[in-house]
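Shown next: data-v7.json, given as JSON, C-alpha atoms and all ligand atoms.
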[["chain", "number", "residue", "atom", "x", "y", "z"],
["U", 288, "MET", "CA", -96.75, -131.96, -102.89],
["U", 289, "ASN", "CA", -97.18, -128.91, -105.18],
["U", 290, "GLU", "CA", -96.68, -125.55, -103.54],
["U", 291, "LEU", "CA", -99.95, -123.64, -103.32],
["U", 292, "ASN", "CA", -100.12, -120.44, -105.36],
["U", 293, "PRO", "CA", -103.18, -118.53, -104.09],
["U", 294, "THR", "CA", -104.84, -117.14, -107.22],
["U", 295, "LEU", "CA", -108.09, -115.35, -107.93],
["U", 296, "SER", "CA", -109.62, -115.26, -111.42],
["U", 297, "ILE", "CA", -112.61, -112.95, -111.62],
["U", 298, "VAL", "CA", -114.52, -114.37, -114.57],
["U", 299, "GLY", "CA", -117.33, -112.72, -116.51],
["U", 300, "ALA", "CA", -119.94, -115.41, -117.17],
["U", 301, "GLY", "CA", -121.75, -113.40, -119.85],
["U", 302, "PRO", "CA", -125.41, -112.36, -119.84],
["U", 303, "GLY", "CA", -127.13, -115.73, -119.33],
["U", 304, "ASP", "CA", -126.73, -118.08, -122.28],
["U", 305, "PRO", "CA", -123.83, -120.29, -121.07],
["U", 306, "GLU", "CA", -122.33, -120.29, -124.57],
["U", 307, "LEU", "CA", -121.70, -116.57, -124.28],
["U", 308, "ILE", "CA", -118.84, -117.05, -121.83],
["U", 309, "THR", "CA", -115.38, -116.51, -123.36],
["U", 310, "ILE", "CA", -113.05, -119.43, -124.09],
["U", 311, "LYS", "CA", -110.65, -118.03, -121.49],
["U", 312, "GLY", "CA", -113.48, -117.89, -118.92],
["U", 313, "LEU", "CA", -114.49, -121.49, -119.62],
["U", 314, "LYS", "CA", -110.88, -122.67, -119.29],
["U", 315, "ALA", "CA", -110.59, -120.91, -115.91],
["U", 316, "ILE", "CA", -113.74, -122.72, -114.71],
["U", 317, "GLN", "CA", -112.34, -126.05, -115.89],
["U", 318, "LYS", "CA", -109.09, -125.50, -113.98],
["U", 319, "ALA", "CA", -110.54, -124.00, -110.77],
["U", 320, "ASP", "CA", -110.03, -125.54, -107.33],
["U", 321, "VAL", "CA", -112.93, -123.49, -105.94],
["U", 322, "ILE", "CA", -115.74, -121.54, -107.65],
["U", 323, "LEU", "CA", -117.66, -118.83, -105.83],
["U", 324, "TYR", "CA", -120.95, -118.19, -107.64],
["U", 325, "ASP", "CA", -124.28, -116.49, -107.12],
["U", 326, "ALA", "CA", -127.88, -116.88, -108.21],
["U", 327, "LEU", "CA", -127.41, -115.82, -111.85],
["U", 328, "ALA", "CA", -124.66, -118.40, -112.55],
["U", 329, "SER", "CA", -125.85, -121.04, -115.02],
["U", 330, "LYS", "CA", -125.93, -124.69, -114.05],
["U", 331, "GLU", "CA", -124.32, -125.59, -117.39],
["U", 332, "LEU", "CA", -121.24, -123.51, -116.57],
["U", 333, "LEU", "CA", -120.86, -124.98, -113.09],
["U", 334, "GLU", "CA", -121.07, -128.47, -114.63],
["U", 335, "GLN", "CA", -117.86, -127.66, -116.51],
["U", 336, "ALA", "CA", -115.89, -127.62, -113.24],
["U", 337, "ARG", "CA", -113.62, -130.54, -112.24],
["U", 338, "PRO", "CA", -115.42, -133.20, -110.14],
["U", 339, "ASP", "CA", -113.19, -132.30, -107.16],
["U", 340, "CYS", "CA", -113.75, -128.55, -107.52],
["U", 341, "LYS", "CA", -115.46, -126.97, -104.49],
["U", 342, "LEU", "CA", -118.61, -125.02, -105.50],
["U", 343, "VAL", "CA", -119.47, -122.29, -103.01],
["U", 344, "TYR", "CA", -122.74, -120.38, -103.29],
["U", 345, "VAL", "CA", -122.46, -116.74, -102.19],
["U", 346, "GLY", "CA", -125.82, -115.42, -103.45],
["U", 347, "LYS", "CA", -129.03, -114.68, -101.62],
["U", 348, "ARG", "CA", -130.03, -117.40, -99.14],
["U", 349, "LYS", "CA", -133.65, -118.36, -98.54],
["U", 350, "GLY", "CA", -134.88, -116.77, -95.35],
["U", 351, "LYS", "CA", -131.40, -115.50, -94.47],
["U", 352, "LYS", "CA", -129.59, -112.27, -95.16],
["U", 353, "GLU", "CA", -127.50, -111.87, -98.29],
["U", 354, "PHE", "CA", -123.72, -112.37, -98.00],
["U", 355, "SER", "CA", -122.15, -108.95, -97.49],
["U", 356, "GLN", "CA", -119.38, -107.77, -99.81],
["U", 357, "ASP", "CA", -116.95, -108.04, -96.86],
["U", 358, "GLU", "CA", -117.92, -111.66, -96.25],
["U", 359, "ILE", "CA", -117.42, -112.51, -99.95],
["U", 360, "ASN", "CA", -114.01, -110.78, -99.98],
["U", 361, "GLN", "CA", -112.94, -112.80, -96.94],
["U", 362, "LEU", "CA", -114.21, -116.08, -98.43],
["U", 363, "ILE", "CA", -112.19, -115.46, -101.60],
["U", 364, "VAL", "CA", -108.96, -115.03, -99.64],
["U", 365, "PHE", "CA", -109.82, -117.95, -97.30],
["U", 366, "TYR", "CA", -110.31, -120.38, -100.21],
["U", 367, "ALA", "CA", -107.38, -119.06, -102.28],
["U", 368, "THR", "CA", -104.92, -119.53, -99.40],
["U", 369, "ARG", "CA", -106.22, -123.03, -98.58],
["U", 370, "TYR", "CA", -107.08, -124.48, -101.98],
["U", 371, "GLY", "CA", -105.16, -122.49, -104.65],
["U", 372, "HIS", "CA", -107.10, -121.28, -107.68],
["U", 373, "VAL", "CA", -110.40, -119.54, -106.91],
["U", 374, "VAL", "CA", -112.74, -118.52, -109.72],
["U", 375, "ARG", "CA", -115.21, -115.82, -108.81],
["U", 376, "LEU", "CA", -117.94, -116.18, -111.44],
["U", 377, "LYS", "CA", -119.93, -113.02, -112.11],
["U", 378, "GLY", "CA", -122.78, -112.22, -114.47],
["U", 379, "GLY", "CA", -122.01, -110.21, -117.61],
["U", 380, "ASP", "CA", -118.71, -108.38, -117.31],
["U", 381, "PRO", "CA", -117.29, -108.32, -113.75],
["U", 382, "ASN", "CA", -116.48, -104.63, -113.97],
["U", 383, "VAL", "CA", -119.85, -103.37, -115.23],
["U", 384, "PHE", "CA", -121.81, -102.69, -112.03],
["U", 385, "GLY", "CA", -120.40, -105.98, -110.75],
["U", 386, "ARG", "CA", -118.12, -105.00, -107.84],
["U", 387, "GLY", "CA", -115.41, -107.12, -109.46],
["U", 388, "HIS", "CA", -112.71, -104.56, -108.80],
["U", 389, "GLU", "CA", -113.48, -104.37, -105.06],
["U", 390, "GLU", "CA", -112.89, -108.13, -104.75],
["U", 391, "LEU", "CA", -109.76, -107.93, -106.84],
["U", 392, "GLU", "CA", -108.23, -105.10, -104.77],
["U", 393, "TYR", "CA", -109.01, -106.88, -101.49],
["U", 394, "ALA", "CA", -107.38, -110.13, -102.66],
["U", 395, "ALA", "CA", -104.34, -108.40, -104.21],
["U", 396, "ARG", "CA", -103.65, -106.53, -100.95],
["U", 397, "ARG", "CA", -103.47, -109.91, -99.18],
["U", 398, "GLY", "CA", -100.90, -111.36, -101.58],
["U", 399, "VAL", "CA", -103.28, -113.32, -103.83],
["U", 400, "THR", "CA", -102.29, -113.40, -107.52],
["U", 401, "ILE", "CA", -105.13, -111.85, -109.51],
["U", 402, "GLN", "CA", -106.48, -111.95, -113.04],
["U", 403, "VAL", "CA", -109.67, -110.73, -114.70],
["U", 404, "VAL", "CA", -111.41, -112.49, -117.57],
["U", 405, "PRO", "CA", -113.73, -109.93, -119.21],
["U", 406, "GLY", "CA", -117.27, -111.01, -120.03],
["U", 407, "VAL", "CA", -120.07, -110.05, -122.42],
["U", 408, "SER", "CA", -122.10, -107.46, -120.53],
["U", 409, "SER", "CA", -125.90, -107.62, -120.54],
["U", 410, "SER", "CA", -125.81, -103.90, -121.34],
["U", 411, "ILE", "CA", -124.55, -104.79, -124.82],
["U", 412, "ALA", "CA", -125.93, -108.31, -125.18],
["U", 413, "ALA", "CA", -129.56, -107.56, -124.27],
["U", 414, "PRO", "CA", -130.27, -105.01, -127.04],
["U", 415, "SER", "CA", -128.33, -107.12, -129.56],
["U", 416, "ALA", "CA", -130.19, -110.31, -128.64],
["U", 417, "ALA", "CA", -133.47, -108.40, -129.01],
["U", 418, "GLY", "CA", -132.53, -107.27, -132.54],
["U", 419, "ILE", "CA", -131.85, -103.64, -131.53],
["U", 420, "PRO", "CA", -128.60, -102.13, -132.86],
["U", 421, "ILE", "CA", -126.78, -100.33, -130.05],
["U", 422, "THR", "CA", -125.42, -97.89, -132.61],
["U", 423, "LYS", "CA", -126.60, -97.38, -136.17],
["U", 424, "ARG", "CA", -125.15, -95.03, -138.74],
["U", 425, "GLY", "CA", -127.31, -91.91, -139.06],
["U", 426, "VAL", "CA", -129.41, -92.81, -136.01],
["U", 427, "ASN", "CA", -127.21, -92.29, -132.93],
["U", 428, "GLU", "CA", -123.68, -91.23, -132.08],
["U", 429, "SER", "CA", -123.18, -92.72, -128.64],
["U", 430, "PHE", "CA", -124.68, -94.82, -125.90],
["U", 431, "TRP", "CA", -124.64, -94.40, -122.14],
["U", 432, "VAL", "CA", -124.81, -97.29, -119.70],
["U", 433, "VAL", "CA", -126.34, -96.09, -116.44],
["U", 434, "THR", "CA", -127.41, -97.83, -113.26],
["U", 435, "GLY", "CA", -131.03, -97.07, -112.40],
["U", 436, "THR", "CA", -130.52, -97.80, -108.72],
["U", 437, "LEU", "CA", -127.66, -96.66, -106.49],
["U", 438, "SER", "CA", -126.49, -98.77, -103.54],
["U", 439, "SER", "CA", -128.63, -96.44, -101.37],
["U", 440, "GLY", "CA", -131.69, -97.57, -103.38],
["U", 441, "GLU", "CA", -132.17, -94.12, -104.88],
["U", 442, "LEU", "CA", -132.36, -93.25, -108.57],
["U", 443, "SER", "CA", -129.05, -92.21, -110.13],
["U", 444, "ASN", "CA", -128.77, -88.50, -110.89],
["U", 445, "ASP", "CA", -127.01, -89.44, -114.14],
["U", 446, "ILE", "CA", -130.40, -90.52, -115.54],
["U", 447, "TYR", "CA", -131.41, -86.81, -115.64],
["U", 448, "LEU", "CA", -128.17, -85.90, -117.45],
["U", 449, "ALA", "CA", -128.49, -88.81, -119.89],
["U", 450, "ALA", "CA", -132.06, -87.76, -120.73],
["U", 451, "GLN", "CA", -130.78, -84.32, -121.73],
["U", 452, "SER", "CA", -128.34, -85.82, -124.25],
["U", 453, "SER", "CA", -129.22, -87.34, -127.62],
["U", 454, "ALA", "CA", -127.47, -90.61, -126.67],
["U", 455, "THR", "CA", -129.05, -94.03, -126.56],
["U", 456, "VAL", "CA", -129.48, -94.74, -122.86],
["U", 457, "ILE", "CA", -129.14, -98.26, -121.51],
["U", 458, "VAL", "CA", -130.32, -98.64, -117.93],
["U", 459, "LEU", "CA", -129.40, -101.62, -115.74],
["U", 460, "MET", "CA", -131.19, -102.25, -112.44],
["U", 461, "GLY", "CA", -133.86, -99.75, -113.45],
["U", 462, "MET", "CA", -137.15, -101.64, -113.19],
["U", 463, "SER", "CA", -138.04, -100.46, -109.68],
["U", 464, "HIS", "CA", -137.72, -96.84, -110.88],
["U", 465, "LEU", "CA", -139.38, -97.31, -114.28],
["U", 466, "ASN", "CA", -142.15, -94.74, -113.62],
["U", 467, "THR", "CA", -139.67, -92.03, -112.64],
["U", 468, "ILE", "CA", -137.34, -92.87, -115.53],
["U", 469, "THR", "CA", -140.11, -92.58, -118.14],
["U", 470, "SER", "CA", -141.38, -89.30, -116.71],
["U", 471, "ILE", "CA", -137.83, -87.84, -116.81],
["U", 472, "PHE", "CA", -137.46, -88.81, -120.48],
["U", 473, "GLN", "CA", -140.97, -87.63, -121.28],
["U", 474, "ASP", "CA", -140.02, -84.17, -119.94],
["U", 475, "SER", "CA", -136.48, -83.95, -121.36],
["U", 476, "ARG", "CA", -137.09, -85.67, -124.72],
["U", 477, "SER", "CA", -140.64, -86.49, -125.81],
["U", 478, "PRO", "CA", -143.64, -88.57, -124.75],
["U", 479, "PHE", "CA", -143.05, -90.51, -127.99],
["U", 480, "GLU", "CA", -139.40, -91.35, -127.23],
["U", 481, "PRO", "CA", -138.92, -95.07, -128.09],
["U", 482, "ILE", "CA", -138.15, -97.53, -125.30],
["U", 483, "ALA", "CA", -137.53, -101.29, -125.12],
["U", 484, "ILE", "CA", -137.27, -103.55, -122.10],
["U", 485, "ILE", "CA", -135.53, -106.90, -122.39],
["U", 486, "GLN", "CA", -135.99, -109.41, -119.57],
["U", 487, "ASN", "CA", -133.79, -112.54, -119.21],
["U", 488, "ALA", "CA", -131.81, -111.59, -122.30],
["U", 489, "THR", "CA", -130.16, -114.46, -124.24],
["U", 490, "LEU", "CA", -132.05, -117.12, -122.25],
["U", 491, "PRO", "CA", -134.91, -119.27, -123.62],
["U", 492, "GLU", "CA", -137.33, -117.28, -121.41],
["U", 493, "GLN", "CA", -136.20, -113.94, -122.92],
["U", 494, "LYS", "CA", -139.04, -111.39, -123.24],
["U", 495, "VAL", "CA", -138.96, -108.10, -125.14],
["U", 496, "VAL", "CA", -141.48, -105.26, -125.04],
["U", 497, "THR", "CA", -141.24, -102.00, -126.96],
["U", 498, "GLY", "CA", -143.23, -98.78, -126.86],
["U", 499, "THR", "CA", -142.97, -95.13, -125.91],
["U", 500, "MET", "CA", -142.69, -93.25, -122.65],
["U", 501, "MET", "CA", -146.48, -93.10, -122.59],
["U", 502, "ASN", "CA", -147.46, -96.71, -123.23],
["U", 503, "ILE", "CA", -144.57, -98.88, -122.00],
["U", 504, "HIS", "CA", -146.15, -99.35, -118.56],
["U", 505, "GLN", "CA", -149.12, -101.09, -120.11],
["U", 506, "GLN", "CA", -146.77, -103.37, -122.08],
["U", 507, "VAL", "CA", -144.89, -104.21, -118.89],
["U", 508, "LEU", "CA", -148.12, -105.12, -117.08],
["U", 509, "GLU", "CA", -149.63, -107.10, -119.95],
["U", 510, "ASN", "CA", -146.44, -109.12, -120.50],
["U", 511, "ASP", "CA", -145.55, -109.48, -116.83],
["U", 512, "ILE", "CA", -142.06, -107.99, -117.27],
["U", 513, "SER", "CA", -139.76, -107.85, -114.24],
["U", 514, "SER", "CA", -136.05, -108.01, -113.29],
["U", 515, "PRO", "CA", -133.49, -108.92, -114.44],
["U", 516, "ALA", "CA", -134.11, -106.53, -117.29],
["U", 517, "VAL", "CA", -132.27, -104.01, -119.43],
["U", 518, "ILE", "CA", -134.04, -100.80, -120.46],
["U", 519, "VAL", "CA", -133.04, -99.24, -123.81],
["U", 520, "ILE", "CA", -134.14, -95.69, -124.62],
["U", 521, "GLY", "CA", -133.63, -93.93, -127.94],
["U", 522, "LYS", "CA", -134.32, -94.03, -131.65],
["U", 523, "VAL", "CA", -132.35, -97.24, -132.23],
["U", 524, "VAL", "CA", -135.34, -99.06, -130.69],
["U", 525, "ASN", "CA", -137.32, -98.22, -133.87],
["U", 526, "GLU", "CA", -134.63, -100.04, -135.90],
["U", 527, "ARG", "CA", -135.42, -103.34, -134.18],
["U", 528, "THR", "CA", -135.46, -106.45, -136.34],
["U", 529, "GLU", "CA", -137.42, -109.24, -134.68],
["U", 530, "MET", "CA", -135.53, -112.53, -134.57],
["U", 531, "GLU", "CA", -135.80, -115.95, -133.07],
["U", 532, "ASN", "CA", -134.35, -116.12, -129.55],
["U", 533, "LEU", "CA", -130.80, -117.37, -129.41],
["U", 534, "ILE", "CA", -131.47, -120.74, -127.87],
["U", 535, "PRO", "CA", -128.62, -121.86, -125.61],
["U", 536, "VAL", "CA", -127.34, -125.28, -126.55],
["U", 537, "GLU", "CA", -125.11, -127.56, -124.56],
["U", 538, "ILE", "CA", -121.49, -126.64, -124.17],
["U", 539, "HIS", "CA", -119.62, -129.48, -125.76],
["U", 540, "ASN", "CA", -116.36, -130.59, -124.27],
["U", 541, "THR", "CA", -114.42, -129.61, -127.35],
["U", 542, "LEU", "CA", -111.95, -127.56, -125.34],
["U", 543, "GLN", "CA", -109.04, -129.43, -123.80],
["U", 544, "ARG", "CA", -108.78, -128.99, -120.05],
["G", 601, "LIG", "C1", -125.64, -106.03, -110.67],
["G", 601, "LIG", "S1", -125.96, -105.72, -112.36],
["G", 601, "LIG", "C2", -124.69, -106.69, -113.06],
["G", 601, "LIG", "C3", -124.43, -106.40, -114.51],
["G", 601, "LIG", "C4", -123.43, -107.33, -115.13],
["G", 601, "LIG", "N1", -122.13, -107.18, -114.53],
["G", 601, "LIG", "C5", -123.33, -107.15, -116.64],
["G", 601, "LIG", "O1", -122.28, -106.71, -117.14],
["G", 601, "LIG", "O2", -124.29, -107.51, -117.31],
["G", 601, "LIG", "C6", -127.43, -106.68, -112.62],
["G", 601, "LIG", "C7", -128.32, -106.09, -113.69],
["G", 601, "LIG", "O3", -127.84, -106.43, -114.97],
["G", 601, "LIG", "C8", -128.93, -106.61, -115.85],
["G", 601, "LIG", "N2", -128.93, -108.00, -116.35],
["G", 601, "LIG", "C9", -128.02, -108.94, -116.09],
["G", 601, "LIG", "N3", -128.28, -110.07, -116.79],
["G", 601, "LIG", "C10", -129.39, -109.81, -117.50],
["G", 601, "LIG", "C11", -130.16, -110.56, -118.44],
["G", 601, "LIG", "N4", -129.84, -111.82, -118.79],
["G", 601, "LIG", "N5", -131.26, -109.99, -118.99],
["G", 601, "LIG", "C12", -131.59, -108.73, -118.68],
["G", 601, "LIG", "N6", -130.90, -107.97, -117.81],
["G", 601, "LIG", "C13", -129.82, -108.50, -117.24],
["G", 601, "LIG", "C14", -130.20, -106.27, -115.07],
["G", 601, "LIG", "O4", -130.46, -104.89, -115.24],
["G", 601, "LIG", "C15", -129.75, -106.58, -113.67],
["G", 601, "LIG", "O5", -130.55, -105.90, -112.73]]
Represent the supplied structure as structure tokens.
Ligand SMILES: C[S@@+](CC[C@H](N)C(=O)[O-])C[C@H]1O[C@@H](n2cnc3c(N)ncnc32)[C@H](O)[C@@H]1O
Amino acid sequence: MNELNPTLSIVGAGPGDPELITIKGLKAIQKADVILYDALASKELLEQARPDCKLVYVGKRKGKKEFSQDEINQLIVFYATRYGHVVRLKGGDPNVFGRGHEELEYAARRGVTIQVVPGVSSSIAAPSAAGIPITKRGVNESFWVVTGTLSSGELSNDIYLAAQSSATVIVLMGMSHLNTITSIFQDSRSPFEPIAIIQNATLPEQKVVTGTMMNIHQQVLENDISSPAVIVIGKVVNERTEMENLIPVEIHNTLQR
């Protein structure tokens, strides 16, 4: 019998379209003994696992409380020590507001071999998939990626600082604070500051609305925009080129397992 080598691969699944996972990420899924996944994980990616791979859901449960971070950490170590190679599949990049490093530290301290497979973050993918350049020569010099909502539920103070800069500001988890965010930018920049909101980026149901601090709320209501969504604020929004959605196609088994 092979000796078990408890291993954790924290794999970035990309923003939604299953084809936007990396080749390294896909290979890790194909080799995994156990995959821990949550609600945003695509069915197509889970179908790439070996038939004997254990799929463990650690997302929100209907009518029950969410798994706590502590519970997920413990499950990772439990499965790694009993089954071998655990893949923890996470949306976007595991280290962009993804708590990937907390899981990694916990497992490493308990003797589990660790690796991280970076992923395509929605912070970058959403504007690109909507035809908005994240940087454009002569238009902007930097971009900030900010969380709209802290773990306490409050708005991040960094939103105020970002609004005072000339940077393009990309807000994740910001929809529940949209009113406050637009009024901050209205005060610090201008009521006509451009804004775009991209919901379900890179998926067939992707929706994009654009406007200004004054009229974006109407766009959101009319188009029924909600989470998961990325908010993009700055002049690059005016550079948008409308395109067809990137339609996900099947992942073909062209990669050797
Ligand atoms: C907990 S954060 C995780 C971010 C992730 N690690 C990443 O790099 O994309 C979840 C937030 O990411 C954004 N997000 C993730 N996937 C998205 C998608 N397909 N379309 C729009 N926003 C998305 C939303 O703002 C959502 O509330």
Contacts of ligand LIG 601 (chain G), 9 Å or closer, all atoms listed in the file, given as a PyMOL selection string: chain U and resi 299-304+327+377-387+406-413+434-435+458-462+484-490+493-494+514-518
Exercise: region 469-480 of chain U partners within 10 Å, all atoms listed in the file, chain neighbours under 3 positions left out, as a PyMOL selection string: chain U and resi 446-453+464-466+498-504+520-522+524-525
Closest of U:Asn444, U:Ser429, U:Ser439, U:Gln317 to Val456 (chain U) - atom-to-atom distances counting only C-alpha atoms: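 With only C-alpha atoms as the atom set, the closest residue is U:Ser429.
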Shell around Gln402 (chain U) at 12 Å using only C-alpha atoms, local window under 6 positions removed, as a list of chain:residue names: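 Surrounding residues, per the criterion: U:Pro293, U:Thr294, U:Leu295, U:Ser296, U:Ile297, U:Val298, U:Gly299, U:Lys311, U:Gly312, U:Ala315, U:His372, U:Val373, U:Val374, U:Arg375, U:Pro381, U:Gly387, U:His388, U:Glu390, U:Leu391, U:Glu392, U:Ala394, U:Ala395.
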Interatomic distance (Å, one decimal) between CA of Val523 (chain U) and CA of Pro481 (chain U): 8.1 Å
Point-to-point distance in Å for CA of Ser438 (chain U) and CA of Ala328 (chain U):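 Taking CA of Ala328 (chain U) and CA of Ser438 (chain U), their separation equals 21.7 Å.
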Atomic distance CA of Ser415 (chain U) - CA of Phe430 (chain U), expressed in Å with one decimal: 13.3 Å
Surrounding residues of region 353-356 of chain U excluding itself and chain neighbours under 6 positions, 10 Å, only C-alpha atoms, as a list in words: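 Listing them by chain and then by number gives Tyr344, Val345, Gly346, Lys347, Leu362, Arg386, Glu389 and Glu390 of chain U.
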May I have the residues from that selection written out with C-alpha atoms, as an mmCIF file, keeping the file's coordinate frame?
data_model
loop_
_atom_site.group_PDB
_atom_site.id
_atom_site.type_symbol
_atom_site.label_atom_id
_atom_site.label_comp_id
_atom_site.auth_asym_id
_atom_site.auth_seq_id
_atom_site.Cartn_x
_atom_site.Cartn_y
_atom_site.Cartn_z
ATOM 1 C CA TYR U 344 -122.740 -120.380 -103.290
ATOM 2 C CA VAL U 345 -122.460 -116.740 -102.190
ATOM 3 C CA GLY U 346 -125.820 -115.420 -103.450
ATOM 4 C CA LYS U 347 -129.030 -114.680 -101.620
ATOM 5 C CA LEU U 362 -114.210 -116.080 -98.430
ATOM 6 C CA ARG U 386 -118.120 -105.000 -107.840
ATOM 7 C CA GLU U 389 -113.480 -104.370 -105.060
ATOM 8 C CA GLU U 390 -112.890 -108.130 -104.750
#
Shortest interatomic distance to Phe365 (chain U) - which of U:Val403, U:Leu333, U:Val321, U:Val496, counting only C-alpha atoms: U:Val321
Spatial neighbours of Val519 (chain U), 6 Å, all atoms listed in the file, chain gap at least 3 places, as a list in words: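 Residues near the query, excluding close chain neighbours: Val456, Ile457, Ile482 and Ala483 of chain U.
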Selected residue of minimal separation from Tyr393 (chain U) among U:Ala319, U:Ile359, U:Ile421, U:Val426, counting all atoms listed in the file: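 Of U:Ala319, U:Ile359, U:Ile421, U:Val426, the one nearest Tyr393 (chain U) is U:Ile359, counting all atoms listed in the file.
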Using the file's own x, y and z axes, so that the box edges lie along x, y and z, what centre and edge lengths in Å (one decimal) does a box around every listed atom of region 450-456 of chain U get when 3 Å is added on each side? Give it as JSON.
{"center_x": -129.8, "center_y": -89.5, "center_z": -124.2, "size_x": 10.6, "size_y": 16.4, "size_z": 12.9}
